[in-house]
Amino acid sequence: MPKAVAMILAGGHVDSFGILTRYRPKAALPFAGFYRLIDFALSNLSHSQITHAGLIIQYQPASLIEHVGVGEYWDLHGVGRLLKILPPYVGPRSTEWFTGTADALYQNLNFIEDMNAEDVLILSGEHIYNMDYRPLIEFHRESGADVTLVAKDMPPDQCSRRFGYIRLGEKREIVEYYEKPDTPPTQTVSMGVYVFRRQALIEWLEHNASYGRGRNLAIDVIPFMVGSSRVMAYPFDGDWEYLGDTEAYFRAHQRLLDTSKPVCLVEWEVMTNMKDRGLSSRVSARVGAAAEVERSMLSPGVRIEGTVRGSVLSPGVVVERGAVVEDCILMHDILVRQGARLRGVVADKDVVFGENSRVGAVAAGGASRRRPSNGRAGALAAGVLPGPLTVLGKGAQVEAGSVIPAGKEISQDYRREGAADLPFPEGAVL
């Protein structure tokens, strides 16, 4: 039997990413060119030699299932290894759609019990970080904890209502826990990574289910364990991105481009599905003789003939001659035609920007502001937005000459001619 089994929570739906997560779970969202958010949790498990995991899914799971498969790309498939996808199901006892993280775990207690592991590692499939879980599990066992939370000290200006906060006593025992308080009481936050003693997890999930409270692990289980169980905190001082919304997603990409404090995903040895859109057979990025590229990340299969600054381009993106892409995130196989100008744009896969179209912050002021190429290359390297982001859904078609102002969200089936002559209602989703 495995000494530890992992449960990855990857089934939730978030509205804060708009069209980007309308037809996929957040865990399946592309990141840094050709990775997906789920890759980070799976890679951490592989490097930590944790060989058995359950992946809990629910919302629009098709793309996540296709990406993860049987776990072969993370060495979680084969003799003595297992990655099992755990969807909602109908069974002999009362079952229904998962109504929260605690409920999702409770409805999959059969998997946890079948694994018969000593400890259960619970992860979010939506965070970006690099961590070896083995020292965490060792700390958990040596401390005799019922549950151990991974904790990180955050700068005061990054403490907000979106986190759970911890107050520590002696020997890193947690004496108080506050989930999403209006005013942060400390600077120590929970990263949403937990190690439970298996029997303690089973008992608390059954207790939660029997009392009919809410079904959220961080709200309805962890706070009640503090003071009645041994709850410990394990410190983490590495890079960690929570990505609460599209703006945080954009800022995280800009930090990847910050040469003063680089985050090297190659050093993290992040693994991904190399068959996704033929990634393994894509040729190297090609930059034309007349092209200009500054402080950008280019994936395999990218072809640049125009200008790209401060942007992250996924495999297969084409920027034609005379086109300008500035401070953008462009996902797979996007085509930016000649003369198009984009700034502050986040575009999903297969979008086409027509000739001489104007999309994003550039639309209001004409020419894009050019930033210096040395050092941090301006404030954007620190994660400052270029203005309201313009977000386009998968496969949207922007016709030649169209103007889409900053701050608009364009649906997946968008295709409109003569848009330059027709005003957009303020805040409209098109």
# chains A, B, ... in the order shown; residues from 1 in each chain; ligands from 1
$ select_by_dssp --residues "region 249-398 of chain A" --states "strand (DSSP E)" --output "JSON, numbers by chain"
{"A": [286, 287, 292, 293, 294, 297, 298, 303, 304, 307, 308, 309, 312, 313, 318, 319, 324, 325, 326, 329, 330, 335, 336, 341, 342, 343, 345, 346, 347, 352, 353, 358, 359, 360, 390, 391, 392, 397, 398]}
$ residues_around --residues "Val391 (chain A)" --least-positions-apart "5" --cutoff "7 Å" --atoms "only C-alpha atoms" --output "PDB file with C-alpha atoms, in the first residue's frame"
ATOM      1  CA  VAL A 345      -5.217  41.239 -24.631  1.00  0.00           C
ATOM      2  CA  VAL A 346      -5.807  37.743 -23.248  1.00  0.00           C
ATOM      3  CA  ALA A 347      -7.027  35.524 -26.081  1.00  0.00           C
ATOM      4  CA  LYS A 408     -14.367  44.076 -23.264  1.00  0.00           C
ATOM      5  CA  GLU A 409     -15.004  40.340 -23.104  1.00  0.00           C
ATOM      6  CA  ILE A 410     -15.659  38.711 -26.452  1.00  0.00           C
TER       7      ILE A 410
END
$ closest_residue --among "A:Ala248, A:Val359, A:Leu105, A:Ala32" --to "Gln158 (chain A)" --atoms "only C-alpha atoms"
A:Ala248
$ atom_distance --atom1 "CA of Ser43 (chain A)" --atom2 "CA of Leu123 (chain A)"
12.2 Å
$ closest_residue --among "A:Gly164, A:Gly288, A:Gly169, A:Pro88" --to "Ala218 (chain A)" --atoms "only C-alpha atoms"
A:Gly164
$ closest_residue --among "A:Arg161, A:His52, A:Arg81, A:Lys3" --to "Glu138 (chain A)" --atoms "only C-alpha atoms"
A:Lys3
$ closest_residue --among "A:Pro235, A:Pro30, A:Pro25, A:Gly125" --to "His253 (chain A)" --atoms "only C-alpha atoms"
A:Pro30
$ residues_around --residues "region 184-194 of chain A" --least-positions-apart "5" --cutoff "9 Å" --atoms "only C-alpha atoms" --output "count of residues only"
32
$ residues_around --residues "Gln412 (chain A)" --least-positions-apart "4" --cutoff "7 Å" --atoms "only C-alpha atoms" --output "list in words"
Gly393, Lys394, Gly395 and Ala396 of chain A
$ write_last_selection --atoms "C-alpha atoms" --output "compact mmCIF listing (two decimals), in the first residue's frame"
# COMPACT_ATOMS: atom_id res chain seq x y z
CA GLY A 393 -13.01 33.38 -26.07
CA LYS A 394 -11.83 30.40 -28.06
CA GLY A 395 -12.22 30.72 -31.82
CA ALA A 396 -13.43 34.35 -31.85
$ residues_around --residues "Phe17 (chain A)" --least-positions-apart "4" --cutoff "10 Å" --atoms "only C-alpha atoms" --output "list in words"
His13, Thr21, Arg22, Lys26, Leu29, Leu243, Gly244, Asp245, Thr246, Glu247, Ala248, Tyr249 and Val391 of chain A
$ closest_residue --among "A:Asp327, A:Asp119, A:Asp348, A:Glu241" --to "Ile202 (chain A)" --atoms "only C-alpha atoms"
A:Asp119
$ closest_residue --among "A:Ala102, A:Leu136, A:Ala340, A:Leu335" --to "Gly322 (chain A)" --atoms "only C-alpha atoms"
A:Ala340
$ select_by_dssp --residues "region 50-113 of chain A" --states "alpha helix (DSSP H)" --output "list in words"
Ala62, Ser63, Leu64, Ile65, Glu66, His67, Val68, Thr101, Ala102, Asp103, Ala104, Leu105, Tyr106, Leu109, Asn110, Phe111, Ile112 and Glu113 of chain A
$ write_last_selection --atoms "N, CA and C atoms" --output "PDB file, in the first residue's frame"
ATOM      1  N   ALA A  62     -14.162  17.842 -19.752  1.00  0.00           N
ATOM      2  CA  ALA A  62     -13.652  17.148 -20.937  1.00  0.00           C
ATOM      3  C   ALA A  62     -12.206  17.501 -21.256  1.00  0.00           C
ATOM      4  N   SER A  63     -11.869  18.796 -21.273  1.00  0.00           N
ATOM      5  CA  SER A  63     -10.502  19.192 -21.637  1.00  0.00           C
ATOM      6  C   SER A  63      -9.491  18.743 -20.592  1.00  0.00           C
ATOM      7  N   LEU A  64      -9.895  18.722 -19.319  1.00  0.00           N
ATOM      8  CA  LEU A  64      -9.000  18.281 -18.263  1.00  0.00           C
ATOM      9  C   LEU A  64      -8.750  16.776 -18.362  1.00  0.00           C
ATOM     10  N   ILE A  65      -9.811  16.015 -18.612  1.00  0.00           N
ATOM     11  CA  ILE A  65      -9.664  14.568 -18.771  1.00  0.00           C
ATOM     12  C   ILE A  65      -8.761  14.250 -19.961  1.00  0.00           C
ATOM     13  N   GLU A  66      -8.983  14.946 -21.068  1.00  0.00           N
ATOM     14  CA  GLU A  66      -8.166  14.711 -22.267  1.00  0.00           C
ATOM     15  C   GLU A  66      -6.701  15.034 -22.008  1.00  0.00           C
ATOM     16  N   HIS A  67      -6.447  16.099 -21.254  1.00  0.00           N
ATOM     17  CA  HIS A  67      -5.065  16.502 -20.976  1.00  0.00           C
ATOM     18  C   HIS A  67      -4.376  15.525 -20.032  1.00  0.00           C
ATOM     19  N   VAL A  68      -5.048  15.138 -18.974  1.00  0.00           N
ATOM     20  CA  VAL A  68      -4.435  14.304 -17.944  1.00  0.00           C
ATOM     21  C   VAL A  68      -4.345  12.846 -18.374  1.00  0.00           C
ATOM     22  N   THR A 101     -15.682  21.367  -1.311  1.00  0.00           N
ATOM     23  CA  THR A 101     -14.471  20.551  -1.261  1.00  0.00           C
ATOM     24  C   THR A 101     -14.572  19.410  -0.252  1.00  0.00           C
ATOM     25  N   ALA A 102     -15.170  19.687   0.918  1.00  0.00           N
ATOM     26  CA  ALA A 102     -15.327  18.633   1.913  1.00  0.00           C
ATOM     27  C   ALA A 102     -16.288  17.559   1.410  1.00  0.00           C
ATOM     28  N   ASP A 103     -17.350  17.970   0.740  1.00  0.00           N
ATOM     29  CA  ASP A 103     -18.307  17.014   0.208  1.00  0.00           C
ATOM     30  C   ASP A 103     -17.680  16.171  -0.900  1.00  0.00           C
ATOM     31  N   ALA A 104     -16.859  16.788  -1.739  1.00  0.00           N
ATOM     32  CA  ALA A 104     -16.184  16.039  -2.803  1.00  0.00           C
ATOM     33  C   ALA A 104     -15.288  14.956  -2.219  1.00  0.00           C
ATOM     34  N   LEU A 105     -14.578  15.284  -1.150  1.00  0.00           N
ATOM     35  CA  LEU A 105     -13.737  14.291  -0.480  1.00  0.00           C
ATOM     36  C   LEU A 105     -14.590  13.217   0.197  1.00  0.00           C
ATOM     37  N   TYR A 106     -15.666  13.649   0.838  1.00  0.00           N
ATOM     38  CA  TYR A 106     -16.545  12.706   1.540  1.00  0.00           C
ATOM     39  C   TYR A 106     -17.136  11.682   0.573  1.00  0.00           C
ATOM     40  N   LEU A 109     -14.677   8.868  -0.206  1.00  0.00           N
ATOM     41  CA  LEU A 109     -14.029   8.155   0.893  1.00  0.00           C
ATOM     42  C   LEU A 109     -13.721   6.700   0.538  1.00  0.00           C
ATOM     43  N   ASN A 110     -14.519   6.125  -0.374  1.00  0.00           N
ATOM     44  CA  ASN A 110     -14.239   4.742  -0.769  1.00  0.00           C
ATOM     45  C   ASN A 110     -12.866   4.619  -1.421  1.00  0.00           C
ATOM     46  N   PHE A 111     -12.494   5.606  -2.224  1.00  0.00           N
ATOM     47  CA  PHE A 111     -11.165   5.585  -2.845  1.00  0.00           C
ATOM     48  C   PHE A 111     -10.081   5.736  -1.780  1.00  0.00           C
ATOM     49  N   ILE A 112     -10.285   6.660  -0.836  1.00  0.00           N
ATOM     50  CA  ILE A 112      -9.302   6.889   0.226  1.00  0.00           C
ATOM     51  C   ILE A 112      -9.149   5.637   1.088  1.00  0.00           C
ATOM     52  N   GLU A 113     -10.263   5.022   1.417  1.00  0.00           N
ATOM     53  CA  GLU A 113     -10.208   3.814   2.245  1.00  0.00           C
ATOM     54  C   GLU A 113      -9.567   2.647   1.495  1.00  0.00           C
TER      55      GLU A 113
END
$ residues_around --residues "Val287 (chain A)" --least-positions-apart "3" --cutoff "7 Å" --atoms "only C-alpha atoms" --output "PyMOL selection string"
chain A and resi 291+303-305
$ residues_around --residues "Arg162 (chain A)" --least-positions-apart "6" --cutoff "9 Å" --atoms "only C-alpha atoms" --output "PyMOL selection string"
chain A and resi 179-181+244
$ atom_distance --atom1 "CA of Met115 (chain A)" --atom2 "CA of Met232 (chain A)"
24.1 Å
$ decode --residues "region 198-213 of chain A" --atoms "N, CA and C atoms" --output "PDB file, in the first residue's frame"
ATOM      1  N   ARG A 198      -4.988   9.730   7.879  1.00  0.00           N
ATOM      2  CA  ARG A 198      -6.140   9.179   7.156  1.00  0.00           C
ATOM      3  C   ARG A 198      -7.370   9.020   8.044  1.00  0.00           C
ATOM      4  N   GLN A 199      -7.217   8.443   9.207  1.00  0.00           N
ATOM      5  CA  GLN A 199      -8.376   8.205  10.046  1.00  0.00           C
ATOM      6  C   GLN A 199      -8.985   9.510  10.546  1.00  0.00           C
ATOM      7  N   ALA A 200      -8.141  10.509  10.799  1.00  0.00           N
ATOM      8  CA  ALA A 200      -8.655  11.815  11.233  1.00  0.00           C
ATOM      9  C   ALA A 200      -9.483  12.453  10.118  1.00  0.00           C
ATOM     10  N   LEU A 201      -9.016  12.348   8.868  1.00  0.00           N
ATOM     11  CA  LEU A 201      -9.774  12.901   7.749  1.00  0.00           C
ATOM     12  C   LEU A 201     -11.128  12.213   7.627  1.00  0.00           C
ATOM     13  N   ILE A 202     -11.144  10.894   7.713  1.00  0.00           N
ATOM     14  CA  ILE A 202     -12.406  10.157   7.596  1.00  0.00           C
ATOM     15  C   ILE A 202     -13.378  10.581   8.688  1.00  0.00           C
ATOM     16  N   GLU A 203     -12.894  10.662   9.914  1.00  0.00           N
ATOM     17  CA  GLU A 203     -13.762  11.025  11.040  1.00  0.00           C
ATOM     18  C   GLU A 203     -14.332  12.427  10.882  1.00  0.00           C
ATOM     19  N   TRP A 204     -13.509  13.378  10.478  1.00  0.00           N
ATOM     20  CA  TRP A 204     -13.976  14.752  10.368  1.00  0.00           C
ATOM     21  C   TRP A 204     -14.904  14.950   9.173  1.00  0.00           C
ATOM     22  N   LEU A 205     -14.656  14.245   8.076  1.00  0.00           N
ATOM     23  CA  LEU A 205     -15.574  14.338   6.941  1.00  0.00           C
ATOM     24  C   LEU A 205     -16.926  13.738   7.291  1.00  0.00           C
ATOM     25  N   GLU A 206     -16.937  12.624   7.989  1.00  0.00           N
ATOM     26  CA  GLU A 206     -18.203  12.023   8.401  1.00  0.00           C
ATOM     27  C   GLU A 206     -18.920  12.907   9.415  1.00  0.00           C
ATOM     28  N   HIS A 207     -18.157  13.523  10.305  1.00  0.00           N
ATOM     29  CA  HIS A 207     -18.746  14.444  11.289  1.00  0.00           C
ATOM     30  C   HIS A 207     -19.379  15.637  10.580  1.00  0.00           C
ATOM     31  N   ASN A 208     -18.677  16.198   9.604  1.00  0.00           N
ATOM     32  CA  ASN A 208     -19.204  17.333   8.851  1.00  0.00           C
ATOM     33  C   ASN A 208     -20.477  16.954   8.106  1.00  0.00           C
ATOM     34  N   ALA A 209     -20.482  15.786   7.477  1.00  0.00           N
ATOM     35  CA  ALA A 209     -21.645  15.357   6.708  1.00  0.00           C
ATOM     36  C   ALA A 209     -22.863  15.120   7.610  1.00  0.00           C
ATOM     37  N   SER A 210     -22.639  14.600   8.810  1.00  0.00           N
ATOM     38  CA  SER A 210     -23.754  14.276   9.696  1.00  0.00           C
ATOM     39  C   SER A 210     -24.394  15.500  10.324  1.00  0.00           C
ATOM     40  N   TYR A 211     -23.647  16.604  10.435  1.00  0.00           N
ATOM     41  CA  TYR A 211     -24.189  17.793  11.097  1.00  0.00           C
ATOM     42  C   TYR A 211     -24.843  18.773  10.133  1.00  0.00           C
ATOM     43  N   GLY A 212     -24.746  18.502   8.840  1.00  0.00           N
ATOM     44  CA  GLY A 212     -25.491  19.313   7.887  1.00  0.00           C
ATOM     45  C   GLY A 212     -25.008  20.736   7.728  1.00  0.00           C
ATOM     46  N   ARG A 213     -23.738  21.010   8.116  1.00  0.00           N
ATOM     47  CA  ARG A 213     -23.200  22.355   7.903  1.00  0.00           C
ATOM     48  C   ARG A 213     -22.824  22.511   6.434  1.00  0.00           C
TER      49      ARG A 213
END
